[in-house]
Amino acid sequence: MGIIRAKNLIYNYIKRDEEDKIEEINEAVKDVTLDIEEGEFVAVLGHNGSGKSTLAKHMNALLLPSEGTIWIGGRDTKAEEALLEVRQTAGMVFQNPDNQIIASVVEEDVGFGPENMGVPTDEIWRRVDECLQAVGMSAYREVSPNRLSGGQKQRVAIAGVMAMEPKCIVLDEPTAMLDPNGRREVIRTVRELNKKKGITVILITHYMEEVIHADRIYVMDEGAIALEGTPEEIFSRVEELKNFRLDVPQVTELAYNLRKKGIPLSPCILDIQDFVRELAEFRKQRVSL
Amino acid sequence: MIKLERVEYKYNEGTPMEAEALHEVSLEIHDGEFIGLIGHTGSGKSTLIQHLNGLMRATGGDIRYNGESIYKEGFSMRDLRSRVGLVFQYPEHQLFEIDVFTDVCFGPKNQGLPREEIEERAREALSLVGIGESYYKKSPFELSGGEKRRVAIAGVLAMKPEVLILDEPTAGLDPKGRDEILGQVARLHKERGMTIILVSHSMEDVAKYVDRIMVMNHGRLVFNDTPRAVFSHYKELEEMGLAAPQVTYIAHALKEAGFPMETDVITVAEAEEAILCTLAMEEER
């Protein structure tokens with residue numbers, strides 16, 4: 001059984017009037033069933049309002065299902081006594097780095113989580129060292145977070161979650177507010193944590209280039225999972241993705257357009273190197289003909 | 001026209017905490033231009049745009065609006081702020097009225113206009129951003145992220161600015177939402193001749209829409225040229241924490257691999273054309 005598993009998960013936002021009568025029900029998540037294995041890198045795409053963030057908030061019990069069940073590390077999040085365990089299994093990183101940093105010094109911020117969990121002091125410092133190193137921020141450990149760039153702050157926020165040693169990190173648009181360099185830093189960090197430490201990653205994003213290395217992609221639409229597959233499978237459906245208000249990386253779109261014009265490239269190219277290689281092969285074949 | 005002459009801004013000037021946010025920035029913004037402003041976080045972009053409508057006051061240098069110094073005695077900052085509209089990052093956080101229509105009326109109401117004019121402007125502004133009448137009486141909080149942002153932009157448009165400055169108007173929006181907002185901004189530019197300054201972290205968006213790019217780095221204006229010319233410095237841009245659109249990298253990678261194509265492409269359509277063109281030429285030979 002996977003580390004995150006949902007069965008027929010439904011979540012309704014309920015709007016009530018002044019007399020507490022139900023005025024409107026908004027089905028944000030509709031009948032989602034999924035299974036994420038430990039160690040996987042899973043990306044979730046979907047337009048604004050497609051239910052991505054609502055789903056993510058179920059992954060560490062910030063929201064509880066209206067119907068259906070979600071199990072985190074085998075625990076049903078609805079069981080009250082499971083709450084602590086669920087939140088230790090899955091940590092969350094949000095969009096705005098400024099809302100997630102609380103301490104006045106980087107190392108204290110990273111140590112805040114484990115300290116709250118009652119981890120012994122020596123162990124806290126060991127974790128702070130290790131996590132700051134893992135996100136490449138050791139040099140800034142005694143710096144005040146307000147002197148960091150957005151990407152650096154976001155890496156500190158990731159280290160803070162890491163210090164609680166979760167098996168799984170859920171990142172809800174961690175790069176939306178960052179400049180290109182900050183985006184690169186954060187995505188590189190997340191990929192390394194997944195590869196080197198085997199941490200399960202669930203990455204929610206609007207940037208298509210960030211998910212080409214994922215093991216699997218879920219595309220959400222109207223609260224349901226509309227597509228599921230590897231990046232190659234998902235990004236080969238250019239027109240369909242555009243209908244879901246999404247896009248493909250520029251290299252994929254370029255290859256797709258050239259293919260339509262009769263250049264025999266693979267149906268889905270995600271990487272610049274692959275594109276260059278395939279075009280070179282095509283030219284070579286043409287010369288030899 | 002806005003003209004900056006060696007504009008400087010120092011935080012905490014004259015104290016040990018003094019820090020320079022803008023260093024001798026000189027530039028001109030002409031009527032009807034569509035300009036992209038890029039730079040990494042902390043490069044001085046936001047400080048710069050807040051000077052353009054007088055929210056921040058330069059500690060050195062001068063800013064002229066239509067030839068007149070905005071720091072001259074008797075210059076009306078109030079007037080300047082209605083001519084130069086500034087849409088902040090995440091402007092939807094500033095929606096506060098009970099419904100969409102009232103929110104958009106807030107700006108022109110503060111300008112002291114008569115009621116009919118206020119409502120006419122609000123209607124016009126909302127239609128410019130594609131928000132229909134069925135939304136007028138909705139609470140801003142019932143709208144989706146993209147809709148809220150469009151309402152917030154309408155709130156600035158209702159003041160009929162001559163220059164519209166948008167600070168990362170597409171942050172946090174899905175790809176379609178990004179295209180919709182920028183498409184509407186491009187239409188304002190084209191159909192109304194509005195001068196637009198777009199602050200963005202998306203090089204692909206900037207490449208697609210603007211006539212000229214200004215690049216800020218460490219408080220200095222380091223590039224000020226057409227997108228094509230600016231993105232040809234992609235290596236220097238990377239050193240500044242920026243990048244070029246992905247297609248520019250593709251073109252360079254192809255050229256390095258011995259494919260004799262032009263490398264100055266900045267959009268997917270241009271890259272497609274350049275590749276097809278080069279392939280056709282090769283075939284002829």
# chains A, B, ... in the order shown; residues from 1 in each chain; ligands from 1
>>> residues_around(residues="B:Gly44", least_positions_apart="5", cutoff="12 Å", atoms="only C-alpha atoms", output="count of residues only")
28
>>> residues_around(residues="A:Glu222", least_positions_apart="3", cutoff="8 Å", atoms="only C-alpha atoms", output="JSON, numbers by chain")
{"A": [28, 29, 30, 49, 50, 51]}
>>> closest_residue(among="A:Leu45, A:Leu62, A:Ala224, A:Ala139", to="chain B", atoms="only C-alpha atoms")
A:Leu45
>>> interface_residues(of="chain A", to="chain B", cutoff="6 Å", atoms="only C-alpha atoms", output="ChimeraX atom specification")
/A:47-48,176,179-181,206,245-246,254,272,276
>>> write_last_selection(atoms="N, CA and C atoms", output="mmCIF file, in the first residue's frame")
data_model
loop_
_atom_site.group_PDB
_atom_site.id
_atom_site.type_symbol
_atom_site.label_atom_id
_atom_site.label_comp_id
_atom_site.auth_asym_id
_atom_site.auth_seq_id
_atom_site.Cartn_x
_atom_site.Cartn_y
_atom_site.Cartn_z
ATOM 1 N N HIS A 47 -5.819 23.778 -13.375
ATOM 2 C CA HIS A 47 -5.999 25.227 -13.404
ATOM 3 C C HIS A 47 -6.398 25.746 -12.027
ATOM 4 N N ASN A 48 -6.420 27.072 -11.888
ATOM 5 C CA ASN A 48 -6.871 27.690 -10.631
ATOM 6 C C ASN A 48 -8.293 27.229 -10.363
ATOM 7 N N ALA A 176 5.713 29.861 -7.115
ATOM 8 C CA ALA A 176 4.853 30.855 -7.768
ATOM 9 C C ALA A 176 5.345 32.283 -7.571
ATOM 10 N N ASP A 179 11.678 34.350 -8.615
ATOM 11 C CA ASP A 179 12.270 34.686 -9.907
ATOM 12 C C ASP A 179 12.896 33.415 -10.501
ATOM 13 N N PRO A 180 13.320 33.471 -11.786
ATOM 14 C CA PRO A 180 13.797 32.240 -12.440
ATOM 15 C C PRO A 180 14.865 31.491 -11.645
ATOM 16 N N ASN A 181 15.794 32.245 -11.067
ATOM 17 C CA ASN A 181 16.853 31.616 -10.303
ATOM 18 C C ASN A 181 16.298 30.922 -9.058
ATOM 19 N N HIS A 206 2.146 25.463 -11.423
ATOM 20 C CA HIS A 206 1.607 25.940 -12.696
ATOM 21 C C HIS A 206 2.700 26.034 -13.747
ATOM 22 N N ARG A 245 -6.796 24.354 -19.545
ATOM 23 C CA ARG A 245 -6.177 25.630 -19.208
ATOM 24 C C ARG A 245 -4.696 25.472 -18.866
ATOM 25 N N LEU A 246 -4.091 24.386 -19.315
ATOM 26 C CA LEU A 246 -2.678 24.189 -19.026
ATOM 27 C C LEU A 246 -1.864 24.418 -20.285
ATOM 28 N N LEU A 254 7.297 23.259 -29.491
ATOM 29 C CA LEU A 254 8.053 23.432 -30.723
ATOM 30 C C LEU A 254 8.136 22.110 -31.486
ATOM 31 N N ILE A 272 15.676 19.631 -23.995
ATOM 32 C CA ILE A 272 16.349 20.299 -25.112
ATOM 33 C C ILE A 272 17.344 19.354 -25.793
ATOM 34 N N VAL A 276 17.533 18.326 -29.756
ATOM 35 C CA VAL A 276 18.706 18.558 -30.602
ATOM 36 C C VAL A 276 19.153 17.246 -31.257
#
>>> atom_distance(atom1="atom CA of B:Glu18", atom2="atom CA of A:Arg155")
27.9 Å
>>> closest_atom_pairs(of="stretch 31-83 of chain A", to="stretch 166-169 of chain A", cutoff="12 Å", atoms="only C-alpha atoms", output="Markdown table")
| residue | atom | partner | partner_atom | distance |
| --- | --- | --- | --- | --- |
| A:Ile36 | CA | A:Cys168 | CA | 10.2 |
| A:Glu37 | CA | A:Cys168 | CA | 10.1 |
| A:Glu38 | CA | A:Lys167 | CA | 7.7 |
| A:Gly39 | CA | A:Cys168 | CA | 8.1 |
| A:Glu40 | CA | A:Cys168 | CA | 9.3 |
| A:Phe41 | CA | A:Cys168 | CA | 9.8 |
| A:Val42 | CA | A:Ile169 | CA | 10.5 |
| A:Ala43 | CA | A:Ile169 | CA | 11.7 |
| A:Ala56 | CA | A:Ile169 | CA | 10.4 |
| A:Lys57 | CA | A:Ile169 | CA | 11.8 |
| A:Met59 | CA | A:Ile169 | CA | 9.4 |
| A:Asn60 | CA | A:Ile169 | CA | 9.5 |
| A:Ile72 | CA | A:Cys168 | CA | 9.4 |
| A:Gly73 | CA | A:Lys167 | CA | 8.6 |
>>> residues_around(residues="A:Glu233", least_positions_apart="5", cutoff="10 Å", atoms="only C-alpha atoms", output="number ranges by chain")
A: 216-217, 227-228, 267-268
>>> write_last_selection(atoms="N, CA and C atoms", output="compact mmCIF listing (two decimals), in the first residue's frame")
# COMPACT_ATOMS: atom_id res chain seq x y z
N ARG A 216 5.47 10.68 -12.13
CA ARG A 216 4.08 10.57 -12.54
C ARG A 216 3.41 11.93 -12.40
N ILE A 217 2.43 12.19 -13.24
CA ILE A 217 1.68 13.45 -13.16
C ILE A 217 0.19 13.16 -13.06
N LEU A 227 -6.44 13.31 -15.90
CA LEU A 227 -5.42 12.54 -16.60
C LEU A 227 -4.40 12.05 -15.58
N GLU A 228 -3.80 10.91 -15.89
CA GLU A 228 -2.73 10.44 -15.04
C GLU A 228 -1.73 9.74 -15.94
N PRO A 267 6.74 11.76 -30.52
CA PRO A 267 5.48 12.43 -30.17
C PRO A 267 5.61 13.36 -28.96
N CYS A 268 6.57 13.09 -28.09
CA CYS A 268 6.68 13.97 -26.93
C CYS A 268 8.14 14.16 -26.53
>>> residues_around(residues="A:Tyr140", least_positions_apart="5", cutoff="12 Å", atoms="only C-alpha atoms", output="VMD selection string")
chain A and resid 105 to 110 128 to 129 132 to 133 135 145 to 149 152 to 153 155 to 156
>>> write_last_selection(atoms="N, CA and C atoms", output="PDB file, in the first residue's frame")
ATOM      1  N   VAL A 105      16.297  33.984  13.184  1.00  0.00           N
ATOM      2  CA  VAL A 105      17.564  33.472  12.674  1.00  0.00           C
ATOM      3  C   VAL A 105      17.260  32.164  11.938  1.00  0.00           C
ATOM      4  N   VAL A 106      17.942  31.956  10.819  1.00  0.00           N
ATOM      5  CA  VAL A 106      17.657  30.799   9.977  1.00  0.00           C
ATOM      6  C   VAL A 106      17.686  29.490  10.756  1.00  0.00           C
ATOM      7  N   GLU A 107      18.762  29.251  11.527  1.00  0.00           N
ATOM      8  CA  GLU A 107      18.884  27.948  12.189  1.00  0.00           C
ATOM      9  C   GLU A 107      17.770  27.709  13.212  1.00  0.00           C
ATOM     10  N   GLU A 108      17.308  28.802  13.840  1.00  0.00           N
ATOM     11  CA  GLU A 108      16.218  28.640  14.806  1.00  0.00           C
ATOM     12  C   GLU A 108      14.916  28.292  14.102  1.00  0.00           C
ATOM     13  N   ASP A 109      14.756  28.864  12.932  1.00  0.00           N
ATOM     14  CA  ASP A 109      13.550  28.570  12.174  1.00  0.00           C
ATOM     15  C   ASP A 109      13.498  27.090  11.798  1.00  0.00           C
ATOM     16  N   VAL A 110      14.634  26.572  11.378  1.00  0.00           N
ATOM     17  CA  VAL A 110      14.687  25.166  10.978  1.00  0.00           C
ATOM     18  C   VAL A 110      14.489  24.262  12.190  1.00  0.00           C
ATOM     19  N   VAL A 128      19.267  20.188  12.245  1.00  0.00           N
ATOM     20  CA  VAL A 128      19.402  21.515  11.637  1.00  0.00           C
ATOM     21  C   VAL A 128      20.602  21.527  10.693  1.00  0.00           C
ATOM     22  N   ASP A 129      21.732  20.980  11.176  1.00  0.00           N
ATOM     23  CA  ASP A 129      22.934  20.905  10.328  1.00  0.00           C
ATOM     24  C   ASP A 129      22.648  20.171   9.043  1.00  0.00           C
ATOM     25  N   LEU A 132      19.986  21.955   6.678  1.00  0.00           N
ATOM     26  CA  LEU A 132      20.484  23.148   5.998  1.00  0.00           C
ATOM     27  C   LEU A 132      21.462  22.756   4.914  1.00  0.00           C
ATOM     28  N   GLN A 133      22.225  21.720   5.184  1.00  0.00           N
ATOM     29  CA  GLN A 133      23.159  21.245   4.173  1.00  0.00           C
ATOM     30  C   GLN A 133      22.400  20.682   2.969  1.00  0.00           C
ATOM     31  N   VAL A 135      19.609  21.491   1.748  1.00  0.00           N
ATOM     32  CA  VAL A 135      19.019  22.505   0.872  1.00  0.00           C
ATOM     33  C   VAL A 135      20.050  23.552   0.437  1.00  0.00           C
ATOM     34  N   PRO A 145      16.306  35.731   8.405  1.00  0.00           N
ATOM     35  CA  PRO A 145      15.601  35.326   7.181  1.00  0.00           C
ATOM     36  C   PRO A 145      15.191  36.510   6.304  1.00  0.00           C
ATOM     37  N   ASN A 146      14.976  37.699   6.898  1.00  0.00           N
ATOM     38  CA  ASN A 146      14.539  38.801   6.046  1.00  0.00           C
ATOM     39  C   ASN A 146      15.637  39.324   5.128  1.00  0.00           C
ATOM     40  N   ARG A 147      16.840  38.795   5.275  1.00  0.00           N
ATOM     41  CA  ARG A 147      17.914  39.188   4.361  1.00  0.00           C
ATOM     42  C   ARG A 147      18.079  38.194   3.218  1.00  0.00           C
ATOM     43  N   LEU A 148      17.203  37.207   3.151  1.00  0.00           N
ATOM     44  CA  LEU A 148      17.338  36.181   2.116  1.00  0.00           C
ATOM     45  C   LEU A 148      16.453  36.506   0.911  1.00  0.00           C
ATOM     46  N   SER A 149      16.828  35.939  -0.244  1.00  0.00           N
ATOM     47  CA  SER A 149      15.975  36.074  -1.422  1.00  0.00           C
ATOM     48  C   SER A 149      14.795  35.117  -1.285  1.00  0.00           C
ATOM     49  N   GLN A 152      15.811  31.511  -1.489  1.00  0.00           N
ATOM     50  CA  GLN A 152      16.522  31.073  -0.286  1.00  0.00           C
ATOM     51  C   GLN A 152      15.549  30.859   0.873  1.00  0.00           C
ATOM     52  N   LYS A 153      14.588  31.771   1.005  1.00  0.00           N
ATOM     53  CA  LYS A 153      13.591  31.617   2.062  1.00  0.00           C
ATOM     54  C   LYS A 153      12.808  30.321   1.876  1.00  0.00           C
ATOM     55  N   ARG A 155      13.824  27.672   0.434  1.00  0.00           N
ATOM     56  CA  ARG A 155      14.675  26.527   0.780  1.00  0.00           C
ATOM     57  C   ARG A 155      14.766  26.363   2.295  1.00  0.00           C
ATOM     58  N   VAL A 156      14.783  27.490   3.023  1.00  0.00           N
ATOM     59  CA  VAL A 156      14.771  27.406   4.486  1.00  0.00           C
ATOM     60  C   VAL A 156      13.455  26.769   4.960  1.00  0.00           C
TER      61      VAL A 156
END
>>> select_by_dssp(residues="stretch 203-256 of chain B", states="strand (DSSP E or B)", output="number ranges by chain")
B: 212-217, 220-225
>>> select_by_dssp(residues="stretch 105-140 of chain A", states="helix (DSSP H, G or I)", output="PyMOL selection string")
chain A and resi 106-116+121-134+138-140
>>> write_last_selection(atoms="C-alpha atoms", output="PDB file, in the first residue's frame")
ATOM      1  CA  VAL A 106      17.657  30.799   9.977  1.00  0.00           C
ATOM      2  CA  GLU A 107      18.884  27.948  12.189  1.00  0.00           C
ATOM      3  CA  GLU A 108      16.218  28.640  14.806  1.00  0.00           C
ATOM      4  CA  ASP A 109      13.550  28.570  12.174  1.00  0.00           C
ATOM      5  CA  VAL A 110      14.687  25.166  10.978  1.00  0.00           C
ATOM      6  CA  GLY A 111      14.872  23.893  14.561  1.00  0.00           C
ATOM      7  CA  PHE A 112      11.358  25.092  15.415  1.00  0.00           C
ATOM      8  CA  GLY A 113       9.552  22.008  14.115  1.00  0.00           C
ATOM      9  CA  PRO A 114      11.608  19.335  15.859  1.00  0.00           C
ATOM     10  CA  GLU A 115      11.676  21.441  19.039  1.00  0.00           C
ATOM     11  CA  ASN A 116       7.883  21.444  19.087  1.00  0.00           C
ATOM     12  CA  THR A 121      18.491  19.352  21.893  1.00  0.00           C
ATOM     13  CA  ASP A 122      21.519  17.507  20.489  1.00  0.00           C
ATOM     14  CA  GLU A 123      19.343  15.769  17.992  1.00  0.00           C
ATOM     15  CA  ILE A 124      17.701  19.082  16.992  1.00  0.00           C
ATOM     16  CA  TRP A 125      21.105  20.597  16.173  1.00  0.00           C
ATOM     17  CA  ARG A 126      22.135  17.504  14.255  1.00  0.00           C
ATOM     18  CA  ARG A 127      18.968  17.773  12.169  1.00  0.00           C
ATOM     19  CA  VAL A 128      19.402  21.515  11.637  1.00  0.00           C
ATOM     20  CA  ASP A 129      22.934  20.905  10.328  1.00  0.00           C
ATOM     21  CA  GLU A 130      21.855  18.119   8.085  1.00  0.00           C
ATOM     22  CA  CYS A 131      18.786  19.837   6.669  1.00  0.00           C
ATOM     23  CA  LEU A 132      20.484  23.148   5.998  1.00  0.00           C
ATOM     24  CA  GLN A 133      23.159  21.245   4.173  1.00  0.00           C
ATOM     25  CA  ALA A 134      20.598  19.298   2.178  1.00  0.00           C
ATOM     26  CA  SER A 138      24.458  26.063   5.628  1.00  0.00           C
ATOM     27  CA  ALA A 139      26.329  29.287   4.950  1.00  0.00           C
ATOM     28  CA  TYR A 140      23.269  31.282   5.998  1.00  0.00           C
TER      29      TYR A 140
END
>>> residues_around(residues="A:Glu281", least_positions_apart="3", cutoff="12 Å", atoms="only C-alpha atoms", output="MDAnalysis selection string")
(chainID A and resid 263:266 274:278 284:288) or (chainID B and resid 257 259)
>>> atom_distance(atom1="atom CA of A:Leu34", atom2="atom CA of A:Leu63")
16.9 Å
